[in-house]
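**Q** Got a structure for you, written out below as structure tokens; questions coming shortly.
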Protein chains: 4
Amino acid sequence: MGSPHRTYEIRCPVHGFISLNDWEWSVISQPAFQRLRRIRQLAWTDYVYPGAMHTRFEHSLGVMQVATSLYDAICEKSAEILKTDLAYNKDGLGRDRQVVRFAALLHDVGHAPFSHASEELFPRRSGGKRYKHEDYSVAVIRSELRSAIEDHELNANYGLHAEDIATLVEGSARAKQLIFWRDLISGQLDADKMDYLLRDSYHAGVEYGKFDLRRILTTIRAISSRGGHPPRLGVSKGGWHAAEGLVLARYFMFTQVYFHKTRVAYDIHLRQALKELLPGKHFPEPTGTGLKSYLKWDDWKVVGLLANNKGGTHGDRLRTRDHYRQIYSTPEVPNKKDVELLQKVKSKLGNLVVAEAAAAKSWYETGLPDIPVVDDHNPEDVRPLSKHSNVVRGLKANNQVFLYVEPLKFDLAETKVREVTSNAGHK
Amino acid sequence: MGSPHRTYEIRCPVHGFISLNDWEWSVISQPAFQRLRRIRQLAWTDYVYPGAMHTRFEHSLGVMQVATSLYDAICEKSAEILKTDLAYNKDGLGRDRQVVRFAALLHDVGHAPFSHASEELFPRRSGGKRYKHEDYSVAVIRSELRSAIEDHELNANYGLHAEDIATLVEGSARAKQLIFWRDLISGQLDADKMDYLLRDSYHAGVEYGKFDLRRILTTIRAISSRGGHPPRLGVSKGGWHAAEGLVLARYFMFTQVYFHKTRVAYDIHLRQALKELLPGKHFPEPTGTGLKSYLKWDDWKVVGLLANNKGGTHGDRLRTRDHYRQIYSTPEVPNKKDVELLQKVKSKLGNLVVAEAAAAKSWYETGLPDIPVVDDHNPEDVRPLSKHSNVVRGLKANNQVFLYVEPLKFDLAETKVREVTSNAGHK
Amino acid sequence: MGSPHRTYEIRCPVHGFISLNDWEWSVISQPAFQRLRRIRQLAWTDYVYPGAMHTRFEHSLGVMQVATSLYDAICEKSAEILKTDLAYNKDGLGRDRQVVRFAALLHDVGHAPFSHASEELFPRRSGGKRYKHEDYSVAVIRSELRSAIEDHELNANYGLHAEDIATLVEGSARAKQLIFWRDLISGQLDADKMDYLLRDSYHAGVEYGKFDLRRILTTIRAISSRGGHPPRLGVSKGGWHAAEGLVLARYFMFTQVYFHKTRVAYDIHLRQALKELLPGKHFPEPTGTGLKSYLKWDDWKVVGLLANNKGGTHGDRLRTRDHYRQIYSTPEVPNKKDVELLQKVKSKLGNLVVAEAAAAKSWYETGLPDIPVVDDHNPEDVRPLSKHSNVVRGLKANNQVFLYVEPLKFDLAETKVREVTSNAGHK
Amino acid sequence: MGSPHRTYEIRCPVHGFISLNDWEWSVISQPAFQRLRRIRQLAWTDYVYPGAMHTRFEHSLGVMQVATSLYDAICEKSAEILKTDLAYNKDGLGRDRQVVRFAALLHDVGHAPFSHASEELFPRRSGGKRYKHEDYSVAVIRSELRSAIEDHELNANYGLHAEDIATLVEGSARAKQLIFWRDLISGQLDADKMDYLLRDSYHAGVEYGKFDLRRILTTIRAISSRGGHPPRLGVSKGGWHAAEGLVLARYFMFTQVYFHKTRVAYDIHLRQALKELLPGKHFPEPTGTGLKSYLKWDDWKVVGLLANNKGGTHGDRLRTRDHYRQIYSTPEVPNKKDVELLQKVKSKLGNLVVAEAAAAKSWYETGLPDIPVVDDHNPEDVRPLSKHSNVVRGLKANNQVFLYVEPLKFDLAETKVREVTSNAGHK
């Protein structure tokens, strides 16, 4: 019922129509991908922002779209570097465009129910290191989706292997060419971030994650290899404020949405409820039958169990929206005095504190590579964004700590906190 | 933990912040209302428009917001008529504003899982008439929510009864004053429609449902009683094109979203799957223990059962996105020849047709009262919108009929349909 | 200072960045094009909608952008027809894309000050037919812009002549291929209309002109020649509601913005004031020195003269916002009784009527070709949009007539009108 | 023709309808206010961002709207403080709401042609201090608009004097109550800034100036007097990130729009051209006949003179878009080495430098009072925003310096600059 050249258009509230070829359509039609329709992007965020009901399915299509726009922009603006530094010709660029689209589309295909919120329940490898959702994604690409990727008629034009896509998602690609594009999948300028900032803002109904994608598309560049650096992604000097805006959009979304005190509480309850539900208190491993049984876990299954009162007391809290109350939080960038005060509060509260959370995951971690900025008129002049931007330089890793108590104990706990903080001069 | 004068703000992507007083907050905190978070506004529409994941919870808040804006606009623009024709004074207007807010907030509180899609599974009364979702809404208001409505401290200012709200939702209010506002809850200019057109468009990512709400707010009017008509809602002459735009927005949303061929297929599968799941193949009655057990039914429960393969073949189709394919549809306004052709197609297809659907529910039914348009400079001049608008006059009731076949039988069926239609000159 | 391959990006609030090549940049840098920065798109509409200050310059860039998107969409969706019916190959499509971009960019380059409002002041040809702004556009293309078009280095790839562009704008192109694209410049599906509806809505701050451009881009088609028809533009059946939306957007913009009663009054005053200012009471002819002197006329020159009190009484009215008041208007589609009543009103008012205006220019003229709708699955099935759409069929030519009086005479005139209309049963 | 209670609605693309009472309508109908229709908000910014054609008229209405929203929000959220610290009762709040609306509406009524761009041409007082546009605004309020303000029927309810409004605009109000609201007119949280950031972004088509106005409206507070501070405006702790967003929006607009290198060049040309046009090379004083003749200067008059070639070589540059080219700029926050390098570049270029500009006017000047942040649960805890925000603390005054050369000398100058900068290690 149709030609391999047929195209499909899916309506996207953020990017307009997203166009897929028949090959991509057959991949997203696989049950392992359709499962993303049953995994909400921001878990229980709708308890705070009621509009935020969107799914990983919608996001994954969006990431493919943004990655393609970035890819095309780089091909247009940095054709010479792609040719010289990476030996690309037209056919190679056509082929890798398809690989990048698949990698962008599938990078989240291994997500656990409720996305990031349940990642602490991934099992550990024999070595002790915990699996990450990307490990599940590449496992799915290599098994469940292999045939849909490799056996489509259109693949006669390329001879792709599922492995090509998996290695790009992993970042372990050996090929010099492909690894260059890894930054589009995961990095300071990746399509994932660009899509989720815009999409999460859109459905939640906030302006915080909006940034100037159009300007980034006109100023993104390949930066040629030099000084030991392989070729990499960056922006031209004319785009550094747009890149700064991207960094700030992420900062604002973390503080206003992702680390919202009530949202964080629901993540806690979800993890605890899942422990009740999961045999062995963790998800199965991303291998063999483990993976098959992992893929049965999605939001539907979990909420069905919760509706059936199988989630323990935390499941009840989720169902009845009876969340722990945040009783205390440090500043986002606590100084030594703040940390001492936190300790005093904690010892005052004692076992009134039923949960503690930390914004360990910073929006601009010190250790991460900065965004390189290149002068179009002088390609030797490459400097990190933080050299240009006082604002980015001013950003610090978010080390905020949150303390929670039971709702019924809130008033009591509040009195105790006041005793500590009034002595300290301020809360 | 708080004063009765505390206010709450909830972020809404369509209307900005929605503000609730402590009384309203305590009502929406009831389990019977929180259940709306687990009922999606447009059922499985996300299978066609992936962004359309929004819930009745979000919509209900929006309806309250729009109803309030309309209420305030009418109070400002038609103060004299409210005073003269309806005997209102300032206190009465303040009190009924609160009643209207509650009625708008709660008019959907009795919705079944997946909203309208499952309404055919409501049981019948002893007289044979099928219950409607409004019957469940008023039952919930009168029982589950009675105490939250009546016992809040702020009610000392008004002495409201749950019954006041229920009768307004039912439209059976005896009080002359209150019934005037019924049109804001259900009518050609109701807040329900205004909210869902904007909200469904927003999350689906289409422009079709957008209309000029701002202009409607400046031109909505109370029209004084005359010629047997009690006072009623209308628009001033300067707003008739805005009212026309509202009518057209509804027309476009029906044809582009609500009656989308694939969407309609999922409604069919949902109903069939629910029949498998529901004891007795229908929902419990909205009375006593029936209501309690009805309220346990929400999207969570259903998808949990589907995830567990309890939904029969239709449940499987929903889970695996393997929907019936539309093989034929009449024009939206079929003429005699179209109806004959449909009969021919049906008899040709025979039992290949596994489902038939009809857009019986028109977006502007002939029987419904038209929107009255009044000349501000000459209040005697009141004419229905269709007298002004050729476009509205051109609209006909949508009597489109859709035929569905199994996916695997599509090619075969298509050949048969072509035989009929090619004889008929065109499809 | 730069390579011929350099590109330029201009920020557009409606379409994002608009990208120009060096050739196009050199054309828009010509004084004859820069003049469009000094011609406002909607004349004095800002007196009613203060945001509507935008210029023909911004619009012209937008038309080029939309025309390109439509061109590319057709090339993708209807490649076969372009090849078969129009003998196109890849090079020809590349070349004509550039021609279409230039034609779209330049179709308005001959506009008079304040755009359409002053077109009645164009002189008449010897034969008596009045010149149109397109006549000035092609004259400018053939003279002032010829060198910029023909002499750029990039033209070595195509060998274009200014004449090619002028004939496409005129619609007199002899080449079978190019004339096909004329509909993108002027027709029911032209880029001009699509841009102005969106742009005028945007700056004025209304929703009325918004339509689903994205859907039109996915459903626009070339329809192959048959039954005497040469190949032409249309939409696929899946897009007929989007085309309907485009038609309605135009309808709404005409009734709500373009024919706004006060806006129409300012058009009257402008024309009268220009008669004072123009030697011989009309613009120079679009030939030789006439054209040179015509191009000196722009909004700046006119407002400078008005600021200097050179515009007579109508110029004073413009400057002081002291416009004629509309005292009477017929319905948009007057019937026989309405016309009779208008006559009665006019004779009652006598010479109190200082101006009369008529919405002669309909938004969907009967004489114009309808938008063809083609069934993708059955390309023989081509029917006009009005066969599908009751709404479009319901639209009638707008024959509204407006009468104006002096502000100081308004009360007196109103009394007289009431006498007539109250006898007639209603106003 | 109408009652004093009539209201008027004007469409605003940023805030929707703006509603005016008959009194306000009569004030904006005065020629001195209508003149703002002929003064563009951002001067020649359309040469860089073609959509930015909007006027001070549109902006002034918007400022009134935002000021009113802020006023109402404060009255609701901080009723107690207004009552206790400022002795307000209901009538006083009603009266001062009207005063604040007028002050917001009129604060820009004295602007020179092309707004800020020409402010350096204001004359100096006898003492040597240059007049500012606010001096002209209050002069207009006290003379041209006095009668419209004082003599309207509605003023019988208040007994306002033009002087009340003028002193609020000046900030010299003696009354304790009124001065509190001055921050809404001019301050870190003023309505002026909030409107221009949103409006300039809108018409230019950028996202940079967007911030969370809705959140600011729910978190703005009156902070009660303490420690010598009179009562003042601030935000509650829950709004500090929204306030941070406002500060950053301003930062981005300055760097991306207001200090755009080409835009700055046109400001230079405008000032020089105006010197040619203005008798004595400066505007008349804001007193007596000086003010009358000042008000004749608007954009119309200037562009009319430029169209007539009266603006000298700089006028020609404006007309023909032949601007000076930026040859060099320091970083936004130059360090000592940057300043030394600038000196070297300048002495190398010698008199090739035809103009120098400096972003002296910082977007967050050190000297200005910071935005106070108050803890709603502990009103004693008031800290400046920069204590909370690392980002705001990271912002430095913009001391960027720009050097310009003639277009024809650009290549030569560029070679010279390269010589200096290559020695210095980087540009």
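The chains in the structure tokens are called A, B, ... from first to last as shown; in each chain the residues are counted from 1, and the ligands are counted from 1 in the order shown.
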For Lys292 of chain A, find every residue with an atom within 12 Å (counting only C-alpha atoms), except residues of its own chain fewer than 2 positions away, and show them as a PyMOL selection string.

**A** chain A and resi 31-32+110+136+139-140+143-144+283-290+294-297

**Q** Just C-alpha atoms for this one: save the residues we selected as an mmCIF file, in the first residue's frame.

**A**
```
data_model
loop_
_atom_site.group_PDB
_atom_site.id
_atom_site.type_symbol
_atom_site.label_atom_id
_atom_site.label_comp_id
_atom_site.auth_asym_id
_atom_site.auth_seq_id
_atom_site.Cartn_x
_atom_site.Cartn_y
_atom_site.Cartn_z
ATOM 1 C CA PRO A 31 6.212 -1.011 19.009
ATOM 2 C CA ALA A 32 9.496 -0.089 20.695
ATOM 3 C CA GLY A 110 15.237 3.507 25.780
ATOM 4 C CA TYR A 136 18.760 1.094 26.828
ATOM 5 C CA ALA A 139 20.195 -1.810 23.057
ATOM 6 C CA VAL A 140 16.806 -1.156 21.482
ATOM 7 C CA SER A 143 17.782 -5.437 18.672
ATOM 8 C CA GLU A 144 14.157 -4.359 18.393
ATOM 9 C CA PHE A 283 14.394 -2.179 36.184
ATOM 10 C CA PRO A 284 15.593 -5.208 34.232
ATOM 11 C CA GLU A 285 18.956 -5.042 32.443
ATOM 12 C CA PRO A 286 19.110 -3.851 28.819
ATOM 13 C CA THR A 287 20.053 -7.265 27.490
ATOM 14 C CA GLY A 288 18.122 -10.184 26.028
ATOM 15 C CA THR A 289 14.901 -10.992 27.833
ATOM 16 C CA GLY A 290 15.676 -8.220 30.304
ATOM 17 C CA TYR A 294 11.955 -3.556 30.385
ATOM 18 C CA LEU A 295 10.045 -2.345 27.340
ATOM 19 C CA LYS A 296 6.804 -3.489 28.929
ATOM 20 C CA TRP A 297 7.328 -0.783 31.511
#
```

**Q** Do me a favour and pick out the residues of chain D within 6 Å of chain C, using only C-alpha atoms, as a list of chain:residue names.

**A** D:Arg11, D:Cys12, D:Pro13, D:Tyr49, D:Pro50, D:Met53, D:His54, D:Glu58, D:Gly205, D:Trp300, D:Lys301, D:Val303, D:Gly304, D:Ala307

**Q** Write out as a list of chain:residue names each polymer residue whose atoms come within 12 Å of Ser186 of chain C, counting only C-alpha atoms; drop sequence neighbours fewer than 4 positions from it.

**A**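 Non-adjacent residues within range: C:Val63, C:Ala67, C:Val100, C:Ala103, C:Ala104, C:His107, C:Asp108, C:Glu134, C:Leu168, C:Val169, C:Glu170, C:Gly171, C:Ile179, C:Phe180, C:Trp181, C:Arg182, C:Asp190, C:Ala191, C:Asp192, C:Lys193, C:Met194, C:Leu233, C:Leu368, C:Pro369.
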
**Q** Would you mind exporting N, CA, C and O atoms of the selected residues as a JSON list (two decimals), in the first residue's frame?

**A**
```
[["chain", "number", "residue", "atom", "x", "y", "z"],
["C", 63, "VAL", "N", 7.10, 38.27, 0.46],
["C", 63, "VAL", "CA", 6.51, 37.62, -0.72],
["C", 63, "VAL", "C", 7.55, 36.73, -1.39],
["C", 63, "VAL", "O", 7.26, 35.60, -1.79],
["C", 67, "ALA", "N", 6.92, 32.82, -1.82],
["C", 67, "ALA", "CA", 6.95, 32.29, -3.19],
["C", 67, "ALA", "C", 7.98, 31.17, -3.30],
["C", 67, "ALA", "O", 7.74, 30.15, -3.95],
["C", 100, "VAL", "N", 11.47, 33.43, -10.34],
["C", 100, "VAL", "CA", 10.29, 33.60, -9.49],
["C", 100, "VAL", "C", 10.64, 34.44, -8.26],
["C", 100, "VAL", "O", 9.87, 35.32, -7.86],
["C", 103, "ALA", "N", 10.76, 38.02, -9.38],
["C", 103, "ALA", "CA", 9.43, 38.54, -9.70],
["C", 103, "ALA", "C", 8.63, 38.81, -8.42],
["C", 103, "ALA", "O", 7.96, 39.84, -8.30],
["C", 104, "ALA", "N", 8.74, 37.90, -7.47],
["C", 104, "ALA", "CA", 8.02, 38.08, -6.21],
["C", 104, "ALA", "C", 8.57, 39.31, -5.46],
["C", 104, "ALA", "O", 7.82, 40.13, -4.93],
["C", 107, "HIS", "N", 7.48, 42.64, -7.55],
["C", 107, "HIS", "CA", 6.16, 42.88, -8.13],
["C", 107, "HIS", "C", 5.52, 44.17, -7.61],
["C", 107, "HIS", "O", 4.63, 44.72, -8.25],
["C", 108, "ASP", "N", 5.95, 44.65, -6.47],
["C", 108, "ASP", "CA", 5.37, 45.85, -5.87],
["C", 108, "ASP", "C", 6.27, 47.07, -5.98],
["C", 108, "ASP", "O", 5.99, 48.11, -5.37],
["C", 134, "GLU", "N", 1.21, 47.80, -11.23],
["C", 134, "GLU", "CA", 2.06, 46.81, -11.88],
["C", 134, "GLU", "C", 2.76, 47.41, -13.10],
["C", 134, "GLU", "O", 3.88, 47.00, -13.44],
["C", 168, "LEU", "N", 7.04, 38.06, -16.46],
["C", 168, "LEU", "CA", 6.39, 37.21, -15.46],
["C", 168, "LEU", "C", 5.48, 38.04, -14.56],
["C", 168, "LEU", "O", 4.36, 37.63, -14.22],
["C", 169, "VAL", "N", 5.94, 39.22, -14.17],
["C", 169, "VAL", "CA", 5.11, 40.09, -13.35],
["C", 169, "VAL", "C", 3.87, 40.53, -14.12],
["C", 169, "VAL", "O", 2.76, 40.56, -13.58],
["C", 170, "GLU", "N", 4.06, 40.85, -15.38],
["C", 170, "GLU", "CA", 2.93, 41.27, -16.22],
["C", 170, "GLU", "C", 1.96, 40.13, -16.48],
["C", 170, "GLU", "O", 0.78, 40.35, -16.76],
["C", 171, "GLY", "N", 2.50, 38.92, -16.49],
["C", 171, "GLY", "CA", 1.65, 37.80, -16.88],
["C", 171, "GLY", "C", 1.59, 37.64, -18.37],
["C", 171, "GLY", "O", 0.74, 36.94, -18.90],
["C", 179, "ILE", "N", 5.08, 30.87, -17.40],
["C", 179, "ILE", "CA", 3.73, 31.37, -17.12],
["C", 179, "ILE", "C", 3.02, 30.51, -16.08],
["C", 179, "ILE", "O", 2.17, 31.00, -15.32],
["C", 180, "PHE", "N", 3.43, 29.24, -16.00],
["C", 180, "PHE", "CA", 2.85, 28.38, -14.97],
["C", 180, "PHE", "C", 3.01, 28.99, -13.58],
["C", 180, "PHE", "O", 2.14, 28.88, -12.72],
["C", 181, "TRP", "N", 4.15, 29.63, -13.36],
["C", 181, "TRP", "CA", 4.45, 30.15, -12.02],
["C", 181, "TRP", "C", 3.77, 31.48, -11.74],
["C", 181, "TRP", "O", 3.84, 32.00, -10.63],
["C", 182, "ARG", "N", 3.16, 32.05, -12.77],
["C", 182, "ARG", "CA", 2.49, 33.35, -12.59],
["C", 182, "ARG", "C", 1.52, 33.33, -11.40],
["C", 182, "ARG", "O", 1.41, 34.31, -10.66],
["C", 190, "ASP", "N", -1.59, 33.07, -4.57],
["C", 190, "ASP", "CA", -0.31, 33.75, -4.74],
["C", 190, "ASP", "C", 0.37, 34.08, -3.41],
["C", 190, "ASP", "O", -0.26, 34.15, -2.36],
["C", 191, "ALA", "N", 1.67, 34.25, -3.52],
["C", 191, "ALA", "CA", 2.49, 34.53, -2.34],
["C", 191, "ALA", "C", 2.21, 35.91, -1.79],
["C", 191, "ALA", "O", 2.40, 36.17, -0.60],
["C", 192, "ASP", "N", 1.77, 36.81, -2.67],
["C", 192, "ASP", "CA", 1.45, 38.17, -2.25],
["C", 192, "ASP", "C", 0.38, 38.15, -1.18],
["C", 192, "ASP", "O", 0.55, 38.67, -0.08],
["C", 193, "LYS", "N", -0.72, 37.51, -1.51],
["C", 193, "LYS", "CA", -1.86, 37.41, -0.59],
["C", 193, "LYS", "C", -1.45, 36.70, 0.72],
["C", 193, "LYS", "O", -1.78, 37.12, 1.81],
["C", 194, "MET", "N", -0.73, 35.60, 0.55],
["C", 194, "MET", "CA", -0.35, 34.83, 1.74],
["C", 194, "MET", "C", 0.51, 35.66, 2.67],
["C", 194, "MET", "O", 0.39, 35.58, 3.88],
["C", 233, "LEU", "N", -1.89, 25.79, -10.86],
["C", 233, "LEU", "CA", -1.74, 25.54, -9.42],
["C", 233, "LEU", "C", -3.05, 25.10, -8.80],
["C", 233, "LEU", "O", -4.11, 25.60, -9.17],
["C", 368, "LEU", "N", -13.35, 35.50, -11.14],
["C", 368, "LEU", "CA", -12.01, 34.92, -11.00],
["C", 368, "LEU", "C", -12.06, 33.40, -11.05],
["C", 368, "LEU", "O", -13.03, 32.80, -10.61],
["C", 369, "PRO", "N", -10.99, 32.79, -11.55],
["C", 369, "PRO", "CA", -10.95, 31.33, -11.49],
["C", 369, "PRO", "C", -10.95, 30.87, -10.04],
["C", 369, "PRO", "O", -10.26, 31.44, -9.19]]
```

**Q** Apply DSSP to the backbone of this structure and, from segment 131-182 of chain D, keep only the residues in alpha helix (DSSP H); write these as number ranges by chain.

**A** D: 133-142, 146-150, 162-170, 176-182

**Q** Need the shell around Leu93 of chain C: protein/DNA/RNA residues with any atom at most 12 Å away, counting only C-alpha atoms. Skip same-chain ones fewer than 3 positions apart. Format as a short mmCIF file (atom, residue, chain, number, x, y, z; two decimals) with N, CA and C atoms, in the first residue's frame?

**A**
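Generated output (result.cif):
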```cif
data_model
loop_
_atom_site.label_atom_id
_atom_site.label_comp_id
_atom_site.auth_asym_id
_atom_site.auth_seq_id
_atom_site.Cartn_x
_atom_site.Cartn_y
_atom_site.Cartn_z
N THR C 68 9.11 31.35 -2.66
CA THR C 68 10.15 30.32 -2.71
C THR C 68 9.68 29.04 -2.02
N TYR C 71 7.25 27.40 -4.27
CA TYR C 71 7.97 26.85 -5.42
C TYR C 71 8.63 25.53 -5.05
N ASP C 72 9.34 25.54 -3.93
CA ASP C 72 10.04 24.32 -3.52
C ASP C 72 9.06 23.19 -3.20
N ILE C 74 6.11 22.71 -4.52
CA ILE C 74 5.57 22.18 -5.78
C ILE C 74 6.61 21.29 -6.47
N CYS C 75 7.86 21.75 -6.45
CA CYS C 75 8.91 20.93 -7.07
C CYS C 75 9.00 19.57 -6.40
N GLU C 76 8.79 19.53 -5.09
CA GLU C 76 8.89 18.26 -4.39
C GLU C 76 7.66 17.39 -4.63
N ALA C 79 6.87 16.84 -8.94
CA ALA C 79 8.03 16.75 -9.81
C ALA C 79 7.67 16.14 -11.17
N LEU C 82 5.84 18.60 -13.51
CA LEU C 82 6.74 19.63 -14.02
C LEU C 82 7.61 19.08 -15.13
N LYS C 83 7.99 17.82 -14.99
CA LYS C 83 8.86 17.18 -15.99
C LYS C 83 8.07 16.86 -17.25
N LEU C 86 5.69 20.23 -18.51
CA LEU C 86 6.36 21.51 -18.75
C LEU C 86 7.81 21.34 -19.18
N ALA C 87 8.23 20.08 -19.38
CA ALA C 87 9.57 19.80 -19.93
C ALA C 87 10.72 20.28 -19.04
N TYR C 88 10.44 20.46 -17.76
CA TYR C 88 11.50 20.93 -16.87
C TYR C 88 12.55 19.86 -16.61
N ASN C 89 13.80 20.27 -16.53
CA ASN C 89 14.83 19.44 -15.90
C ASN C 89 15.38 20.21 -14.70
N LYS C 90 16.35 19.64 -14.03
CA LYS C 90 16.87 20.22 -12.80
C LYS C 90 17.41 21.64 -13.00
N ASP C 96 14.50 28.94 -12.97
CA ASP C 96 13.22 29.61 -12.82
C ASP C 96 12.90 29.92 -11.35
N ARG C 97 13.50 29.16 -10.47
CA ARG C 97 13.39 29.51 -9.05
C ARG C 97 13.93 30.92 -8.82
N GLN C 98 15.05 31.23 -9.47
CA GLN C 98 15.62 32.56 -9.32
C GLN C 98 14.73 33.61 -9.97
N VAL C 99 14.15 33.28 -11.10
CA VAL C 99 13.26 34.23 -11.77
C VAL C 99 12.03 34.50 -10.90
N VAL C 100 11.47 33.43 -10.34
CA VAL C 100 10.29 33.60 -9.49
C VAL C 100 10.64 34.44 -8.26
N TYR C 158 23.01 31.97 -15.47
CA TYR C 158 21.65 31.88 -16.00
C TYR C 158 21.42 32.70 -17.26
N GLN C 177 6.72 27.41 -19.86
CA GLN C 177 7.19 27.06 -18.51
C GLN C 177 6.89 28.15 -17.50
N LEU C 178 7.40 29.35 -17.80
CA LEU C 178 7.35 30.39 -16.78
C LEU C 178 5.94 30.81 -16.42
N TRP C 181 4.15 29.63 -13.36
CA TRP C 181 4.45 30.15 -12.02
C TRP C 181 3.77 31.48 -11.74
#
```

**Q** Can you tell me, as a list in words, which residues in segment 43-271 of chain D count as strand (DSSP E) by DSSP?

**A** Ile220, Arg221, Ala222, Ile223, Arg232, Leu233, Gly234, Val235 and Ser236 of chain D

**Q** Might you pull out every residue within 8 Å of Ala242 of chain A, with only C-alpha atoms counted and same-chain residues fewer than 5 positions away left off, and present them as a PyMOL selection string?

**A** chain A and resi 211-213+215-216

**Q** What is the atom CA of Gln256 of chain D-atom CA of Leu248 of chain A distance in Å, reported with one decimal?

**A**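 Calculated distance between atom CA of Gln256 of chain D and atom CA of Leu248 of chain A is 15.4 Å.
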
**Q** Calculate how many Å separate atom CA of Asp183 of chain C from atom CA of Arg101 of chain C, rounding to one decimal.

**A**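 We find that atom CA of Asp183 of chain C and atom CA of Arg101 of chain C lie 13.2 Å from each other.
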
**Q** Can you work out the spacing between atom CA of Asp195 of chain C and atom CA of Ser69 of chain A in Å, to one decimal?

**A**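 Here the two named atoms are 23.3 Å from each other.
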